[in-house]
file data_2.cif (mmCIF, C-alpha atoms)
data_start
loop_
_atom_site.label_atom_id
_atom_site.label_comp_id
_atom_site.auth_asym_id
_atom_site.auth_seq_id
_atom_site.Cartn_x
_atom_site.Cartn_y
_atom_site.Cartn_z
CA MET A 166 143.75 167.83 -164.73
CA GLU A 167 144.60 164.21 -163.82
CA ALA A 168 145.89 161.69 -166.38
CA ASP A 169 143.15 159.23 -165.37
CA ASP A 170 140.49 161.72 -166.57
CA LEU A 171 141.75 161.30 -170.13
CA TYR A 172 140.80 157.61 -170.41
CA SER A 173 137.14 158.43 -171.05
CA GLN A 174 137.54 161.49 -173.27
CA ASP A 175 137.54 161.69 -177.07
CA LEU A 176 140.93 161.57 -178.74
CA GLY A 177 140.28 164.82 -180.57
CA PRO A 178 141.89 165.87 -183.87
CA PRO A 179 144.86 163.97 -185.34
CA ILE A 180 148.30 165.22 -184.48
CA GLY A 181 148.93 166.52 -187.98
CA GLU A 182 146.23 169.16 -187.60
CA SER A 183 148.19 171.00 -184.92
CA GLN A 184 151.11 172.97 -186.26
CA GLY A 185 151.86 175.29 -183.32
CA VAL A 186 155.09 175.32 -181.37
CA PHE A 187 154.66 173.99 -177.86
CA PRO A 188 157.19 175.20 -175.26
CA ASN A 189 158.85 172.71 -173.02
CA THR A 190 157.81 172.28 -169.42
CA GLN A 191 160.53 174.43 -167.89
CA ASP A 192 159.99 177.35 -170.32
CA ALA A 193 156.23 177.28 -169.83
CA ARG A 194 156.52 177.48 -166.07
CA LEU A 195 158.52 180.68 -166.33
CA GLY A 196 155.31 182.35 -167.39
CA SER A 197 156.66 183.90 -170.59
CA GLU A 198 153.91 185.84 -172.28
CA THR A 199 155.10 185.97 -175.90
CA MET A 200 156.88 183.75 -178.39
CA ASP A 201 160.20 184.90 -179.80
CA VAL A 202 159.70 184.11 -183.50
CA GLU A 203 163.20 185.17 -184.49
CA GLU A 204 164.76 182.80 -181.96
CA HIS A 205 162.60 179.95 -183.24
CA ALA A 206 163.57 180.72 -186.82
CA ALA A 207 167.27 180.53 -185.93
CA GLY A 208 166.85 176.72 -185.87
CA HIS A 209 170.02 174.73 -186.17
CA ASN A 210 172.34 177.70 -185.72
CA GLY A 211 170.97 178.35 -182.25
CA ARG A 212 171.45 174.73 -181.27
CA ASP A 213 175.04 174.82 -182.54
CA GLU A 214 175.79 177.87 -180.40
CA GLU A 215 174.28 176.20 -177.32
CA ARG A 216 176.44 173.14 -177.83
CA GLU A 217 179.57 175.20 -178.37
CA TYR A 218 178.82 177.23 -175.24
CA ALA A 219 178.43 173.99 -173.27
CA GLY A 220 181.70 172.68 -174.64
CA GLU A 221 180.03 170.05 -176.86
CA GLU A 222 181.07 169.18 -180.38
CA SER A 223 179.02 170.13 -183.42
CA ASP A 224 179.79 169.96 -187.11
CA GLY A 225 178.34 173.43 -187.78
CA ASN A 226 175.42 172.05 -189.81
CA GLY A 227 173.11 171.32 -186.91
CA GLU A 228 174.17 167.65 -186.85
CA ILE A 229 174.86 165.94 -183.56
CA SER A 230 177.91 163.74 -183.17
CA GLU A 231 177.40 160.01 -182.56
CA ASP A 232 178.48 160.14 -178.92
CA GLU A 233 176.55 163.28 -177.97
CA GLU A 234 173.62 162.95 -175.58
CA VAL A 235 170.33 164.42 -176.81
CA THR A 236 168.39 166.42 -174.23
CA GLU A 237 164.65 165.78 -174.55
CA ASP A 238 161.80 167.84 -173.22
CA ASP A 239 158.64 166.21 -171.88
CA LEU A 240 156.82 166.38 -175.21
CA SER A 241 159.69 164.66 -177.05
CA ILE A 242 159.81 161.94 -174.40
CA LEU A 243 156.06 161.39 -174.70
CA MET A 244 156.29 161.13 -178.48
CA ARG A 245 159.04 158.53 -178.21
CA VAL A 246 157.39 156.37 -175.52
CA TRP A 247 154.05 156.62 -177.34
CA VAL A 248 155.55 155.21 -180.55
CA ASN A 249 157.44 152.56 -178.55
CA GLU A 250 154.26 151.52 -176.76
CA ARG A 251 152.28 151.25 -179.97
CA ASN A 252 154.92 149.08 -181.66
CA ALA A 253 156.06 146.87 -178.77
CA PRO A 254 154.19 143.55 -178.37
CA GLU A 255 154.41 143.77 -174.56
CA LEU A 256 153.59 146.43 -171.98
CA LEU A 257 156.45 148.87 -171.39
CA GLU A 258 157.41 150.98 -168.39
CA TYR A 259 154.83 153.63 -167.50
CA GLU A 260 156.15 157.15 -168.07
CA GLY A 261 154.44 158.62 -165.02
CA THR A 262 156.66 161.64 -164.38
CA THR A 263 156.37 162.86 -167.97
CA ILE A 264 152.58 162.46 -167.95
CA GLU A 265 152.28 164.40 -164.69
CA ASN A 266 154.50 167.21 -165.98
CA LEU A 267 152.49 167.52 -169.18
CA MET A 268 149.17 167.54 -167.33
CA GLU A 269 150.47 170.39 -165.18
CA LEU A 270 151.58 172.18 -168.33
CA VAL A 271 148.15 171.70 -169.94
CA ASP A 272 146.48 173.26 -166.89
CA PHE A 273 148.95 176.16 -166.96
CA GLN A 274 148.41 176.81 -170.66
CA ASN A 275 144.63 176.63 -170.32
CA GLN A 276 144.86 179.43 -167.76
CA ARG A 277 147.13 181.48 -170.05
CA ILE A 278 144.79 181.13 -173.02
CA GLN A 279 142.15 183.26 -171.30
CA SER A 280 144.39 186.34 -171.23
CA GLN A 281 146.10 186.03 -174.64
CA PRO A 282 145.29 187.72 -177.96
CA ALA A 283 143.23 185.57 -180.33
CA ILE A 284 146.11 184.44 -182.56
CA ILE A 285 148.33 183.37 -179.64
CA ALA A 286 145.35 181.77 -177.88
CA ASN A 287 144.62 179.68 -180.99
CA ILE A 288 148.23 178.51 -181.19
CA LEU A 289 148.27 177.56 -177.52
CA LYS A 290 144.93 175.76 -177.82
CA MET A 291 146.11 173.71 -180.80
CA ASP A 292 149.19 172.60 -178.91
CA VAL A 293 147.19 171.81 -175.78
CA ASP A 294 144.90 169.64 -177.94
CA ARG A 295 147.92 167.92 -179.42
CA ILE A 296 149.29 167.08 -175.98
CA LYS A 297 145.92 165.77 -174.80
CA TYR A 298 145.61 163.62 -177.93
CA LEU A 299 149.01 162.04 -177.37
CA VAL A 300 148.36 161.36 -173.68
CA ARG A 301 144.97 159.78 -174.38
CA SER A 302 146.32 157.62 -177.18
CA TYR A 303 149.27 156.53 -175.01
CA LEU A 304 147.00 155.57 -172.10
CA ARG A 305 144.49 153.78 -174.31
CA THR A 306 147.22 151.81 -176.04
CA ARG A 307 148.34 150.58 -172.63
CA LEU A 308 144.76 149.78 -171.60
CA ALA A 309 144.27 147.68 -174.75
CA LYS A 310 147.34 145.61 -173.86
CA ILE A 311 146.22 145.28 -170.24
CA GLU A 312 142.80 143.98 -171.26
CA LYS A 313 144.32 141.49 -173.71
CA TYR A 314 146.80 139.99 -171.22
CA ALA A 315 145.31 141.10 -167.89
CA LEU A 316 145.84 137.84 -166.01
CA HIS A 317 149.45 137.52 -167.17
CA TYR A 318 150.33 141.11 -166.30
CA THR A 319 148.80 140.92 -162.82
CA ARG A 320 150.60 137.65 -162.02
CA GLU A 321 154.10 138.53 -163.22
CA PRO A 322 156.14 140.85 -160.92
CA ARG A 323 158.09 142.09 -163.98
CA TYR A 324 154.93 143.56 -165.47
CA ARG A 325 153.23 144.58 -162.25
CA ALA A 326 156.12 146.97 -161.65
CA ARG A 327 155.43 148.60 -165.04
CA LEU A 328 151.82 149.45 -164.22
CA SER A 329 150.70 152.66 -162.62
CA GLN A 330 148.53 152.23 -159.54
CA SER A 331 145.42 153.13 -161.56
CA GLU A 332 146.34 150.60 -164.24
CA LEU A 333 147.01 147.89 -161.67
CA ASP A 334 143.62 148.50 -160.02
CA TYR A 335 141.96 148.42 -163.42
CA ALA A 336 143.72 145.17 -164.38
CA LYS A 337 142.71 143.46 -161.13
CA GLY A 338 139.11 144.56 -161.57
CA PHE A 339 139.11 143.39 -165.19
CA VAL A 340 140.45 139.94 -164.21
CA ALA A 341 137.82 139.62 -161.47
CA LEU A 342 134.97 140.54 -163.81
CA GLU A 343 136.23 138.22 -166.55
CA GLU A 344 136.50 135.30 -164.13
CA LYS A 345 133.04 136.01 -162.70
CA HIS A 346 131.54 136.09 -166.20
CA MET A 347 133.17 132.79 -167.22
CA ARG A 348 132.07 131.02 -164.04
CA ARG A 349 128.49 132.14 -164.44
CA SER A 350 128.47 131.31 -168.14
CA PHE A 351 129.93 127.78 -168.14
CA LEU A 352 132.70 127.02 -165.63
CA ASP A 353 130.32 126.25 -162.75
CA GLN A 354 128.71 123.54 -164.93
CA LEU A 355 132.06 121.76 -165.40
CA PRO A 356 133.66 119.25 -163.00
CA PRO A 357 135.71 121.03 -160.27
CA HIS A 358 139.05 119.88 -161.69
CA LEU A 359 138.28 121.61 -165.01
CA ARG A 360 137.34 125.01 -163.64
CA ALA A 361 140.81 126.57 -163.29
CA LEU A 362 141.73 129.48 -165.57
CA ASP A 363 145.50 129.30 -165.22
CA GLU A 364 146.45 125.65 -165.62
CA THR A 365 149.46 124.32 -167.52
CA SER A 366 149.01 121.06 -169.40
CA SER A 367 151.42 118.13 -169.27
CA ASN A 368 152.89 119.12 -172.64
CA GLY A 369 153.68 122.65 -171.45
CA MET A 370 150.67 124.43 -172.97
CA GLU A 371 149.46 127.29 -170.78
CA MET A 372 145.93 128.61 -170.54
CA VAL A 373 147.08 132.13 -169.76
CA SER A 374 147.80 134.05 -172.97
CA LYS A 375 151.06 136.02 -173.16
CA PRO A 376 152.43 138.64 -175.57
CA ASP A 377 154.57 137.25 -178.38
CA VAL A 378 157.97 138.83 -177.75
CA ASP A 379 159.42 137.21 -180.87
CA LEU A 380 157.44 139.40 -183.24
CA ALA A 381 159.46 141.35 -185.81
CA VAL A 382 159.93 145.07 -185.12
CA PHE A 383 161.79 147.98 -186.67
CA CYS A 384 164.15 149.83 -184.37
CA ARG A 385 166.39 152.88 -184.71
CA VAL A 386 169.61 153.26 -182.73
CA ARG A 387 169.53 156.33 -180.44
CA THR A 388 173.05 156.03 -179.02
CA THR A 389 175.90 154.07 -180.56
CA VAL A 390 175.88 150.53 -179.13
CA GLY A 391 178.91 149.09 -180.90
CA GLU A 392 179.19 145.45 -181.92
CA PHE A 393 175.96 143.59 -181.16
CA GLN A 394 175.16 139.90 -181.53
CA PHE A 395 171.74 139.64 -183.20
CA ASP A 396 171.99 135.90 -183.79
CA ALA A 397 174.31 133.33 -182.26
CA SER A 398 174.97 131.82 -185.69
CA GLU A 399 175.97 135.14 -187.27
CA ASP A 400 178.79 137.64 -186.81
CA PRO A 401 178.21 140.71 -184.60
CA ILE A 402 176.90 143.80 -186.34
CA ALA A 403 177.96 147.38 -185.55
CA MET A 404 175.01 149.37 -184.24
CA LYS A 405 175.73 153.04 -184.88
CA ARG A 406 173.55 156.01 -184.12
CA SER A 407 170.59 156.44 -186.53
CA ASN A 408 171.01 152.92 -187.97
CA ILE A 409 167.69 151.14 -188.55
CA PHE A 410 167.24 147.39 -188.11
CA ILE A 411 164.44 144.86 -188.40
CA THR A 412 164.73 142.05 -185.88
CA ARG A 413 162.86 140.04 -183.29
CA TYR A 414 161.64 142.17 -180.40
CA SER A 415 163.13 139.82 -177.81
CA ILE A 416 166.64 140.49 -179.17
CA ILE A 417 166.53 144.26 -178.66
CA ARG A 418 164.24 144.28 -175.60
CA ASP A 419 167.04 145.15 -173.18
CA LEU A 420 168.37 147.87 -175.48
CA LEU A 421 164.90 149.38 -175.62
CA GLU A 422 164.59 149.37 -171.83
CA ASP A 423 167.98 151.10 -171.57
CA GLY A 424 166.92 153.77 -174.06
CA LYS A 425 169.62 152.84 -176.56
CA VAL A 426 167.12 152.08 -179.35
CA GLU A 427 163.59 153.21 -180.17
CA LEU A 428 160.86 151.46 -182.12
CA ILE A 429 159.55 152.95 -185.36
#
call {"tool": "encode", "arguments": {"input": "data_2.cif", "output": "structure tokens"}}
result
Amino acid sequence: MEADDLYSQDLGPPIGESQGVFPNTQDARLGSETMDVEEHAAGHNGRDEEREYAGEESDGNGEISEDEEVTEDDLSILMRVWVNERNAPELLEYEGTTIENLMELVDFQNQRIQSQPAIIANILKMDVDRIKYLVRSYLRTRLAKIEKYALHYTREPRYRARLSQSELDYAKGFVALEEKHMRRSFLDQLPPHLRALDETSSNGMEMVSKPDVDLAVFCRVRTTVGEFQFDASEDPIAMKRSNIFITRYSIIRDLLEDGKVELI
């Protein structure tokens, strides 16, 4: 199954309706046939033992120290970038590798479902539906932004690099159709010097709409940043792991790109 096929499909049931446990990409590819319920129930204790075995610090209560790196599977990454994409005013980097991995996993699980007992097949199907819902919503969120600022995104190298090839082709086609529609509707009846769609007036006003990167957003710190200057007129503020801030998007844009914060 290709990611592009999901653009035209229904979103399916909300995420909350699926309560199954979806294995990560690496575990699924091993072809394990059953789910170890006892291991899943071990929860935090199992994670503590893994960290101790790896030589990492843990407080014994399942909590992760501020400086510890969190290993994410493909589903966790998709959840995070999906929320970021929905809350960011501009288009973010396309998570192509994660989408491809999850599409391969969906195909693999669809094949497994045919040979599983009914109860396991239902669990797998619910989790496959959850993955497909997230991927579709993620792609459609990006398409909505592309349609809103198509001309800006296709002109700016910064944003062109964030588009997948399919998205770039779609954006170019959308711009061409929009321009063709406007010219047929009214532009061809105007004097030649008034027909441009991307002019900048003498007072600096631009015809091409752009995302407002100064919108207020909520962000949560993923890795301790330290002292951070939110405003030039104010003192630096310590950004520690799990702290939540409300600020202008443009201020934390670089931190978001580096993965040090996430939007909520």
call {"tool": "resolve_selection", "arguments": {"input": "data_2.cif", "expression": "the PyMOL selection byres ((chain A and resi 289) around 8)", "output": "PyMOL selection string"}}
result
chain A and resi 185+187+274+278+285-288+290-293
call {"tool": "residues_around", "arguments": {"input": "data_2.cif", "residues": "Val271 (chain A)", "least_positions_apart": "6", "cutoff": "9 Å", "atoms": "all atoms listed in the file", "output": "VMD selection string"}}
result
chain A and resid 166 293 to 294 296 to 297
call {"tool": "residues_near_point", "arguments": {"input": "data_2.cif", "point": "(155.9, 157.4, -177.8)", "cutoff": "10 Å", "atoms": "all atoms listed in the file", "output": "number ranges by chain"}}
result
A: 240-252, 260, 299-300, 302-303, 427-429
call {"tool": "atom_distance", "arguments": {"input": "data_2.cif", "atom1": "CA of Asp363 (chain A)", "atom2": "CA of Leu316 (chain A)"}}
result
8.6 Å
call {"tool": "atom_distance", "arguments": {"input": "data_2.cif", "atom1": "CA of Val390 (chain A)", "atom2": "CA of Thr236 (chain A)"}}
result
18.2 Å
call {"tool": "atom_distance", "arguments": {"input": "data_2.cif", "atom1": "CA of Arg301 (chain A)", "atom2": "CA of Lys345 (chain A)"}}
result
29.0 Å
call {"tool": "closest_residue", "arguments": {"input": "data_2.cif", "among": "A:Ala403, A:Ala397, A:Val386, A:Met347", "to": "Val426 (chain A)", "atoms": "all atoms listed in the file"}}
result
A:Val386
call {"tool": "resolve_selection", "arguments": {"input": "data_2.cif", "expression": "the PyMOL selection byres ((chain A and resi 340-343) around 10)", "output": "list in words"}}
result
Ile311, Glu312, Tyr314, Ala315, Leu316, His317, Thr319, Tyr335, Ala336, Lys337, Gly338, Phe339, Glu344, Lys345, His346, Met347 and Arg348 of chain A
call {"tool": "resolve_selection", "arguments": {"input": "data_2.cif", "expression": "the PyMOL selection byres ((chain A and resi 323-327) around 10)", "output": "ChimeraX atom specification"}}
result
/A:255-260,317-322,328-330,332-333,336
